[in-house]
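Asks: Got a structure for you, upload.txt, holding compact mmCIF, C-alpha atoms.
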# COMPACT_ATOMS: atom_id res chain seq x y z
CA MET A 1 -20.28 -3.60 -26.53
CA GLU A 2 -19.40 -0.50 -28.57
CA LYS A 3 -15.64 -0.13 -28.84
CA LYS A 4 -15.65 3.54 -27.88
CA ASN A 5 -17.48 2.71 -24.63
CA ARG A 6 -15.38 -0.31 -23.67
CA ASN A 7 -13.42 1.62 -21.03
CA LEU A 8 -16.21 4.01 -20.06
CA GLY A 9 -16.59 3.84 -16.28
CA ARG A 10 -13.30 1.98 -15.88
CA SER A 11 -12.15 1.90 -12.25
CA THR A 12 -8.77 3.55 -12.79
CA PRO A 13 -7.01 4.74 -9.61
CA ASP A 14 -5.93 8.36 -9.26
CA ILE A 15 -2.15 8.62 -9.73
CA TYR A 16 -1.96 11.96 -7.90
CA THR A 17 -3.57 10.51 -4.78
CA GLU A 18 -1.10 7.65 -4.91
CA MET A 19 1.84 10.05 -5.31
CA ARG A 20 0.80 12.15 -2.33
CA MET A 21 0.54 9.11 -0.05
CA ARG A 22 3.80 7.67 -1.34
CA ARG A 23 5.80 10.88 -0.96
CA GLN A 24 4.56 11.65 2.54
CA MET A 25 5.33 8.15 3.79
CA GLN A 26 8.70 8.06 2.06
CA SER A 27 9.59 11.39 3.64
CA LEU A 28 8.69 10.05 7.09
CA VAL A 29 10.79 6.92 6.50
CA ARG A 30 13.81 9.03 5.61
CA GLU A 31 13.27 11.22 8.67
CA MET A 32 13.18 8.12 10.87
CA TYR A 33 16.40 6.75 9.41
CA LYS A 34 18.11 10.12 9.81
CA ASP A 35 17.11 10.10 13.48
CA ILE A 36 18.32 6.51 13.90
CA ILE A 37 21.74 7.46 12.52
CA LYS A 38 21.90 10.44 14.89
CA GLU A 39 20.97 8.32 17.91
CA ILE A 40 23.19 5.34 17.16
CA THR A 41 26.37 7.24 16.20
CA PRO A 42 27.89 8.09 19.63
CA GLU A 43 27.18 4.70 21.23
CA TYR A 44 28.21 2.80 18.13
CA LYS A 45 31.55 4.63 17.90
CA LYS A 46 32.20 4.01 21.58
CA HIS A 47 31.50 0.28 21.36
CA ILE A 48 33.47 -0.16 18.13
CA ALA A 49 36.45 1.56 19.74
CA LYS A 50 36.16 -0.78 22.72
CA SER A 51 36.02 -3.75 20.35
CA GLN A 52 39.19 -2.65 18.60
CA LEU A 53 40.99 -2.52 21.92
CA SER A 54 39.93 -6.15 22.37
CA ASN A 55 41.81 -7.25 19.24
CA GLY A 56 38.75 -6.62 17.04
CA VAL A 57 36.97 -9.73 18.23
CA ALA A 58 33.34 -9.87 17.09
CA ASN A 59 31.05 -8.42 19.74
CA ASP A 60 28.92 -10.81 21.73
CA SER A 61 25.21 -10.48 22.27
CA MET A 62 25.58 -8.75 25.64
CA GLU A 63 27.81 -6.02 24.21
CA SER A 64 25.46 -5.42 21.30
CA TYR A 65 22.45 -5.00 23.57
CA PHE A 66 22.83 -1.22 23.31
CA ILE A 67 21.55 -1.50 19.74
CA ILE A 68 18.34 -3.18 20.88
CA LEU A 69 17.80 -0.47 23.52
CA ILE A 70 18.30 2.35 21.03
CA MET A 71 16.01 0.75 18.47
CA LYS A 72 13.39 0.23 21.16
CA LYS A 73 13.57 3.96 21.86
CA MET A 74 13.28 4.73 18.14
CA ARG A 75 10.24 2.49 17.75
CA ALA A 76 8.50 4.17 20.70
CA LYS A 77 9.20 7.57 19.15
CA TRP A 78 8.37 6.87 15.52
CA TYR A 79 5.59 4.30 15.49
CA PRO A 80 3.01 6.83 16.82
CA ARG A 81 4.01 9.29 14.10
CA PHE A 82 3.46 6.68 11.42
CA THR A 83 0.12 5.73 12.97
CA SER A 84 -1.00 9.36 12.99
CA LEU A 85 -0.03 9.89 9.34
CA SER A 86 -1.57 6.53 8.38
CA LYS A 87 -4.94 7.57 9.78
CA GLU A 88 -4.74 11.00 8.19
CA LEU A 89 -3.88 9.64 4.75
CA ALA A 90 -6.40 6.79 4.95
CA GLN A 91 -9.26 9.17 5.76
CA TRP A 92 -8.26 11.59 3.02
CA MET A 93 -7.65 8.88 0.44
CA SER A 94 -10.89 7.00 1.11
CA LYS A 95 -13.13 10.06 0.74
CA LYS A 96 -11.32 11.34 -2.33
CA THR A 97 -11.29 7.91 -3.94
CA TYR A 98 -14.97 7.30 -3.31
CA LYS A 99 -15.93 10.55 -5.00
CA ARG A 100 -13.77 9.69 -7.98
CA ALA A 101 -15.03 6.11 -8.25
CA ASP A 102 -18.63 7.22 -7.92
CA SER A 103 -18.22 9.84 -10.66
CA LEU A 104 -16.84 7.19 -13.04
CA ILE A 105 -19.91 4.98 -12.53
CA VAL A 106 -22.32 7.91 -12.82
CA LYS A 107 -20.69 9.08 -16.05
CA LYS A 108 -21.16 5.67 -17.62
CA LEU A 109 -24.81 5.42 -16.57
CA GLU A 110 -25.56 8.89 -17.89
CA GLU A 111 -23.79 8.07 -21.16
CA TYR A 112 -26.26 5.22 -21.66
CA GLY A 113 -29.19 7.48 -20.86
CA PHE A 114 -29.97 6.20 -17.36
CA THR A 115 -31.40 8.43 -14.67
CA VAL A 116 -28.93 8.24 -11.80
CA LYS A 117 -30.56 7.15 -8.56
CA ARG A 118 -29.13 5.04 -5.78
CA ASN A 119 -30.84 1.79 -4.85
CA THR A 120 -29.18 1.50 -1.44
CA GLU A 121 -29.07 3.64 1.68
CA GLU A 122 -26.20 5.98 2.52
CA GLY A 123 -25.15 3.69 5.38
CA TYR A 124 -23.90 1.13 2.87
CA GLN A 125 -21.37 3.55 1.42
CA LYS A 126 -20.27 4.64 4.90
CA ALA A 127 -19.65 1.01 5.86
CA VAL A 128 -17.43 0.54 2.80
CA LEU A 129 -15.55 3.76 3.58
CA LYS A 130 -14.95 2.58 7.15
CA GLU A 131 -13.61 -0.78 5.99
CA VAL A 132 -11.29 0.86 3.44
CA VAL A 133 -9.87 3.19 6.10
CA LYS A 134 -9.29 0.29 8.51
CA ASP A 135 -7.53 -1.76 5.85
CA SER A 136 -5.36 1.15 4.72
CA VAL A 137 -4.24 2.06 8.25
CA GLY A 138 -3.35 -1.56 8.93
CA LYS A 139 -1.20 -1.81 5.79
CA TRP A 140 0.59 1.46 6.45
CA GLN A 141 1.36 0.50 10.03
CA SER A 142 3.42 -2.41 8.72
CA LEU A 143 5.82 0.07 7.07
CA PRO A 144 7.63 1.38 10.20
CA MET A 145 7.90 -2.18 11.51
CA TYR A 146 9.59 -3.23 8.28
CA ALA A 147 11.83 -0.15 8.21
CA ALA A 148 12.90 -0.52 11.86
CA ALA A 149 13.64 -4.22 11.40
CA GLN A 150 15.77 -3.47 8.34
CA ALA A 151 17.68 -0.77 10.24
CA GLN A 152 18.30 -2.98 13.29
CA ASP A 153 19.52 -5.84 11.12
CA ALA A 154 21.92 -3.53 9.27
CA ILE A 155 23.32 -2.14 12.52
CA MET A 156 23.70 -5.56 14.12
CA THR A 157 25.46 -6.95 11.04
CA ALA A 158 27.86 -4.01 10.78
CA TYR A 159 28.65 -4.17 14.50
CA SER A 160 29.29 -7.92 14.48
CA LYS A 161 31.81 -7.39 11.67
CA GLY A 162 33.48 -4.45 13.40
CA ARG A 163 32.65 -1.97 10.62
CA ASP A 164 33.13 1.74 11.30
CA MET A 165 30.42 4.39 11.53
CA GLU A 166 31.09 5.69 8.04
CA TYR A 167 30.28 2.27 6.61
CA LEU A 168 27.18 1.93 8.80
CA THR A 169 25.87 5.37 7.83
CA SER A 170 26.22 4.50 4.15
CA ARG A 171 24.56 1.14 4.72
CA LEU A 172 21.63 2.67 6.61
CA ARG A 173 21.06 5.19 3.84
CA ASP A 174 20.92 2.35 1.32
CA VAL A 175 18.52 0.38 3.49
CA ALA A 176 16.36 3.48 3.94
CA GLU A 177 15.76 3.54 0.19
CA ILE A 178 14.67 -0.10 0.30
CA SER A 179 12.05 0.92 2.85
CA THR A 180 10.94 3.86 0.68
CA ASP A 181 10.46 1.38 -2.16
CA LYS A 182 8.22 -0.57 0.21
CA ALA A 183 6.23 2.61 0.82
CA ALA A 184 5.73 3.00 -2.94
CA LEU A 185 4.42 -0.56 -3.21
CA ILE A 186 1.98 -0.04 -0.34
CA ALA A 187 0.74 3.25 -1.82
CA ARG A 188 0.12 1.63 -5.21
CA ASP A 189 -1.59 -1.35 -3.61
CA GLN A 190 -3.78 0.79 -1.37
CA ILE A 191 -4.99 3.24 -3.99
CA ASN A 192 -5.95 0.47 -6.40
CA ARG A 193 -7.55 -1.70 -3.72
CA ALA A 194 -9.56 1.27 -2.43
CA THR A 195 -10.57 2.35 -5.93
CA GLN A 196 -11.88 -1.10 -6.83
CA GLN A 197 -13.77 -1.47 -3.54
CA MET A 198 -15.30 1.99 -3.88
CA ALA A 199 -16.21 1.51 -7.54
CA ILE A 200 -17.86 -1.85 -6.86
CA ALA A 201 -19.80 -0.37 -3.93
CA SER A 202 -20.90 2.55 -6.08
CA ALA A 203 -21.94 0.33 -9.00
CA GLU A 204 -23.97 -1.91 -6.68
CA SER A 205 -25.62 1.12 -5.07
CA TYR A 206 -27.02 2.05 -8.50
CA GLY A 207 -28.34 -1.45 -9.05
CA LEU A 208 -25.57 -2.79 -11.28
CA GLN A 209 -24.63 -6.40 -10.70
CA LYS A 210 -21.95 -7.29 -13.24
CA GLY A 211 -18.48 -6.09 -14.17
CA ARG A 212 -15.94 -6.87 -16.87
CA TRP A 213 -12.49 -7.77 -15.49
CA ILE A 214 -9.55 -5.78 -16.83
CA HIS A 215 -6.16 -7.31 -16.21
CA VAL A 216 -3.43 -4.77 -15.48
CA PRO A 217 0.06 -6.34 -15.43
CA GLY A 218 2.37 -5.80 -12.49
CA GLU A 219 5.69 -4.03 -12.85
CA HIS A 220 7.64 -7.29 -12.88
CA SER A 221 5.06 -10.08 -13.08
CA SER A 222 1.38 -10.94 -13.28
CA ARG A 223 -0.82 -13.61 -11.78
CA ILE A 224 -1.57 -16.10 -14.55
CA THR A 225 -5.09 -16.60 -13.23
CA HIS A 226 -5.76 -12.85 -13.43
CA LEU A 227 -4.27 -12.69 -16.90
CA ASN A 228 -6.82 -15.31 -17.90
CA PHE A 229 -9.59 -13.29 -16.25
CA ASP A 230 -9.09 -10.40 -18.69
CA GLY A 231 -12.41 -9.59 -20.39
CA GLU A 232 -14.43 -12.01 -18.25
CA ILE A 233 -17.77 -10.84 -16.88
CA PHE A 234 -18.16 -11.42 -13.14
CA ASP A 235 -20.70 -10.90 -10.41
CA LEU A 236 -19.77 -7.74 -8.46
CA GLU A 237 -20.77 -9.34 -5.19
CA GLN A 238 -18.85 -12.57 -5.71
CA GLY A 239 -15.94 -12.00 -8.09
CA LEU A 240 -14.18 -14.76 -10.05
CA TYR A 241 -12.76 -18.03 -8.73
CA ASP A 242 -8.98 -17.88 -8.48
CA GLU A 243 -7.46 -21.37 -8.45
CA ASP A 244 -4.20 -20.08 -6.98
CA VAL A 245 -5.87 -18.97 -3.75
CA GLU A 246 -8.80 -21.40 -4.00
CA ASP A 247 -11.34 -18.67 -3.43
CA TYR A 248 -13.39 -16.03 -5.23
CA VAL A 249 -11.60 -12.71 -5.66
CA LYS A 250 -12.39 -9.26 -7.02
CA PRO A 251 -10.10 -6.82 -8.85
CA GLY A 252 -7.51 -5.28 -6.52
CA GLU A 253 -8.43 -7.57 -3.64
CA LEU A 254 -5.24 -9.64 -3.47
CA ILE A 255 -2.04 -7.92 -2.38
CA TYR A 256 -0.39 -5.93 -5.19
CA CYS A 257 -3.14 -6.86 -7.64
CA ASN A 258 -3.41 -4.01 -10.17
CA CYS A 259 -6.52 -5.33 -11.93
CA GLN A 260 -9.54 -3.10 -12.56
CA PHE A 261 -13.04 -3.49 -14.01
CA VAL A 262 -15.74 -1.71 -15.95
CA PRO A 263 -19.39 -1.97 -14.90
CA VAL A 264 -21.63 -3.87 -17.29
CA ILE A 265 -24.92 -2.22 -18.27
CA PRO A 266 -27.71 -4.85 -18.46
CA GLY A 267 -29.07 -5.30 -21.98
CA PHE A 268 -26.28 -3.26 -23.57
CA GLU A 269 -22.96 -5.00 -22.99
CA GLU A 270 -23.46 -8.63 -21.94
Show how you would write the structure in this file as structure tokens.

Replies:
Amino acid sequence: MEKKNRNLGRSTPDIYTEMRMRRQMQSLVREMYKDIIKEITPEYKKHIAKSQLSNGVANDSMESYFIILIMKKMRAKWYPRFTSLSKELAQWMSKKTYKRADSLIVKKLEEYGFTVKRNTEEGYQKAVLKEVVKDSVGKWQSLPMYAAAQAQDAIMTAYSKGRDMEYLTSRLRDVAEISTDKAALIARDQINRATQQMAIASAESYGLQKGRWIHVPGEHSSRITHLNFDGEIFDLEQGLYDEDVEDYVKPGELIYCNCQFVPVIPGFEE
């Protein structure tokens, strides 16, 4: 393979699409936590004051039930908002990502002098788009569950120790940032997963069957099996066998996998 063309057609995710998803979800997380603090404050202060009158004895489960009721109310209020945004972002991301992934494949084919013509029907691409949207919505819907669980745990812990509202507010703000970090991880995972799925679907629609695996290290660690995959040629339909999961995988398929690929042009690069 010519060195200058080694990365031509590489399935790189769009950082701006990732940033938009991340920022919108992080903003919604912070809004939810702000609302939780507003809702919990009066009841929390009242129960802490009552506890102090009882010699500061740790509150039992019956007395702390007000926390469960408030968090139930918060979940009912905020989960639908996250679901709505999840669907909106998933639809937007999938269409934008498909266009980008398709253009990368087309550019490579044209660079090698191929006439660009799809070998599959449009329904194939629509099926991939639908699956990407479904997967993305499912992943995003886990975010408010995680954030609410973190908030409830923080409140319960502070209450059991008799901590004041000032402490709890500070603690909830810290925990909120942990949940925003979770949003960043999901955004990065989703944009790369979608990009790889779209790029593979696009490559196959033009009759390409092989890809060259490109290992992209994680922020803190990498899968050893994927590190060893770097540069390997794989079947786009099957992927490569990953001993760690005892199954065939494709770039970006496993959670938080950052790996990518470049399509292989028959007779030119194998």

Asks: May I have the residues within 7 Å of Ile40 (chain A) as a ChimeraX atom specification, using only C-alpha atoms and disregarding those fewer than 4 positions away in the same chain?

Replies: /A:36,44,70

Asks: Can you pull out the residues contacting Pro13 (chain A)? Cut-off 9 Å, using only C-alpha atoms, and skip same-chain residues under 4 positions away; I want them as a ChimeraX atom specification.

Replies: /A:17-18,97,100-101,188,191-196,260

Asks: Could those residues be written to a file, using C-alpha atoms, as a compact mmCIF listing (two decimals), in the frame of the given file?

Replies:
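Final file, part_12.txt:
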# COMPACT_ATOMS: atom_id res chain seq x y z
CA THR A 17 -3.57 10.51 -4.78
CA GLU A 18 -1.10 7.65 -4.91
CA THR A 97 -11.29 7.91 -3.94
CA ARG A 100 -13.77 9.69 -7.98
CA ALA A 101 -15.03 6.11 -8.25
CA ARG A 188 0.12 1.63 -5.21
CA ILE A 191 -4.99 3.24 -3.99
CA ASN A 192 -5.95 0.47 -6.40
CA ARG A 193 -7.55 -1.70 -3.72
CA ALA A 194 -9.56 1.27 -2.43
CA THR A 195 -10.57 2.35 -5.93
CA GLN A 196 -11.88 -1.10 -6.83
CA GLN A 260 -9.54 -3.10 -12.56

Asks: So, counting all atoms listed in the file, which residue among A:Phe268, A:Tyr112, A:Trp92, A:Tyr167 is closest to Ile37 (chain A)?

Replies: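 Going through A:Phe268, A:Tyr112, A:Trp92, A:Tyr167 one by one, the smallest distance to Ile37 (chain A) is for A:Tyr167.
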
Asks: For a quick check of understanding, using all atoms listed in the file, which of A:Met93, A:Ile48, A:Leu28, A:Ala199 has the smallest distance to Asp164 (chain A)?

Replies: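 Under the stated criterion, the closest residue is A:Ile48.
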
Asks: Just want the 10 Å neighbourhood of Pro251 (chain A), counted on only C-alpha atoms, with same-chain residues fewer than 5 positions away dropped. Output as a PyMOL selection string.

Replies: chain A and resi 11+192-193+195-197+200+211-216+226+229+236+239-240+257-261

Asks: In Å, how far is it from CA of Ala154 (chain A) to CA of Arg75 (chain A)?

Replies: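 We find that CA of Ala154 (chain A) and CA of Arg75 (chain A) lie 15.6 Å from each other.
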
Asks: One decimal, in Å: what's the spacing between CA of Leu89 (chain A) and CA of Met21 (chain A)?

Replies: 6.5 Å

Asks: Tell me which of A:Ala183, A:Lys73, A:Leu254, A:Pro266 sits closest to Met19 (chain A), counting all atoms listed in the file.

Replies: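 Closest to Met19 (chain A), using all atoms listed in the file: A:Ala183.
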
Asks: Per residue of region 75-162 of chain A within 9 Å of region 23-26 of chain A, which atom pair is closest and at what distance in Å (one decimal), using only C-alpha atoms, listed by chain and increasing number, as a tab-separated table?

Replies:
residue	atom	partner	partner_atom	distance
A:Phe82	CA	A:Met25	CA	8.0
A:Leu85	CA	A:Met25	CA	7.9
A:Ser86	CA	A:Met25	CA	8.4
A:Leu89	CA	A:Gln24	CA	9.0
A:Trp140	CA	A:Met25	CA	8.6
A:Leu143	CA	A:Met25	CA	8.7

Asks: Return the single residue from A:Tyr79, A:Tyr98, A:Tyr65, A:Tyr248 that is closest to Ser202 (chain A), with distances computed using only C-alpha atoms.

Replies: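 Checking each of A:Tyr79, A:Tyr98, A:Tyr65, A:Tyr248 against Ser202 (chain A), counting only C-alpha atoms, the winner is A:Tyr98.
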
Asks: Around all listed atoms of region 6-15 of chain A, padded 3 Å per side, what centre and edge lengths does the axis-aligned box have in Å to one decimal, as AutoDock Vina command-line options?

Replies:
--center_x -9.4 --center_y 4.2 --center_z -16.5 --size_x 20.4 --size_y 14.9 --size_z 20.4

Asks: Need to verify the contact set: Ser142 (chain A), 12 Å, all atoms listed in the file, exclusion of same-chain residues closer than 2 positions in sequence. Can you return it as a ChimeraX atom specification?

Replies: /A:25,79,82-83,86,135-140,144-149,179,182-183,186

Asks: Under the rule that all atoms listed in the file are counted, which of A:Met165, A:Val133, A:Leu109, A:Leu104 is the nearest residue to Lys46 (chain A)?

Replies: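 Among A:Met165, A:Val133, A:Leu109, A:Leu104, it is A:Met165 that comes nearest to Lys46 (chain A).
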
Asks: Of the candidates A:Ala201, A:Ile67, A:Ile178, A:Leu129, which one gets nearest to Lys95 (chain A) if we count only C-alpha atoms?

Replies: A:Leu129

Asks: For CA of Glu177 (chain A) and CA of Ser27 (chain A), determine how far apart the two atoms are, in Å to one decimal place.

Replies: 10.6 Å

Asks: Taking (28.8, 1.0, 9.8) in the coordinates of the supplied file, I want to know which residues reach to within 12 Å of it, counting all atoms listed in the file; could you give the answer as a JSON list (two decimals) with C-alpha atoms, in the coordinates of the input?

Replies:
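The resulting result22.json:
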[["chain", "number", "residue", "atom", "x", "y", "z"],
["A", 37, "ILE", "CA", 21.74, 7.46, 12.52],
["A", 40, "ILE", "CA", 23.19, 5.34, 17.16],
["A", 41, "THR", "CA", 26.37, 7.24, 16.20],
["A", 44, "TYR", "CA", 28.21, 2.80, 18.13],
["A", 45, "LYS", "CA", 31.55, 4.63, 17.90],
["A", 47, "HIS", "CA", 31.50, 0.28, 21.36],
["A", 48, "ILE", "CA", 33.47, -0.16, 18.13],
["A", 151, "ALA", "CA", 17.68, -0.77, 10.24],
["A", 152, "GLN", "CA", 18.30, -2.98, 13.29],
["A", 153, "ASP", "CA", 19.52, -5.84, 11.12],
["A", 154, "ALA", "CA", 21.92, -3.53, 9.27],
["A", 155, "ILE", "CA", 23.32, -2.14, 12.52],
["A", 156, "MET", "CA", 23.70, -5.56, 14.12],
["A", 157, "THR", "CA", 25.46, -6.95, 11.04],
["A", 158, "ALA", "CA", 27.86, -4.01, 10.78],
["A", 159, "TYR", "CA", 28.65, -4.17, 14.50],
["A", 160, "SER", "CA", 29.29, -7.92, 14.48],
["A", 161, "LYS", "CA", 31.81, -7.39, 11.67],
["A", 162, "GLY", "CA", 33.48, -4.45, 13.40],
["A", 163, "ARG", "CA", 32.65, -1.97, 10.62],
["A", 164, "ASP", "CA", 33.13, 1.74, 11.30],
["A", 165, "MET", "CA", 30.42, 4.39, 11.53],
["A", 166, "GLU", "CA", 31.09, 5.69, 8.04],
["A", 167, "TYR", "CA", 30.28, 2.27, 6.61],
["A", 168, "LEU", "CA", 27.18, 1.93, 8.80],
["A", 169, "THR", "CA", 25.87, 5.37, 7.83],
["A", 170, "SER", "CA", 26.22, 4.50, 4.15],
["A", 171, "ARG", "CA", 24.56, 1.14, 4.72],
["A", 172, "LEU", "CA", 21.63, 2.67, 6.61],
["A", 173, "ARG", "CA", 21.06, 5.19, 3.84],
["A", 174, "ASP", "CA", 20.92, 2.35, 1.32]]
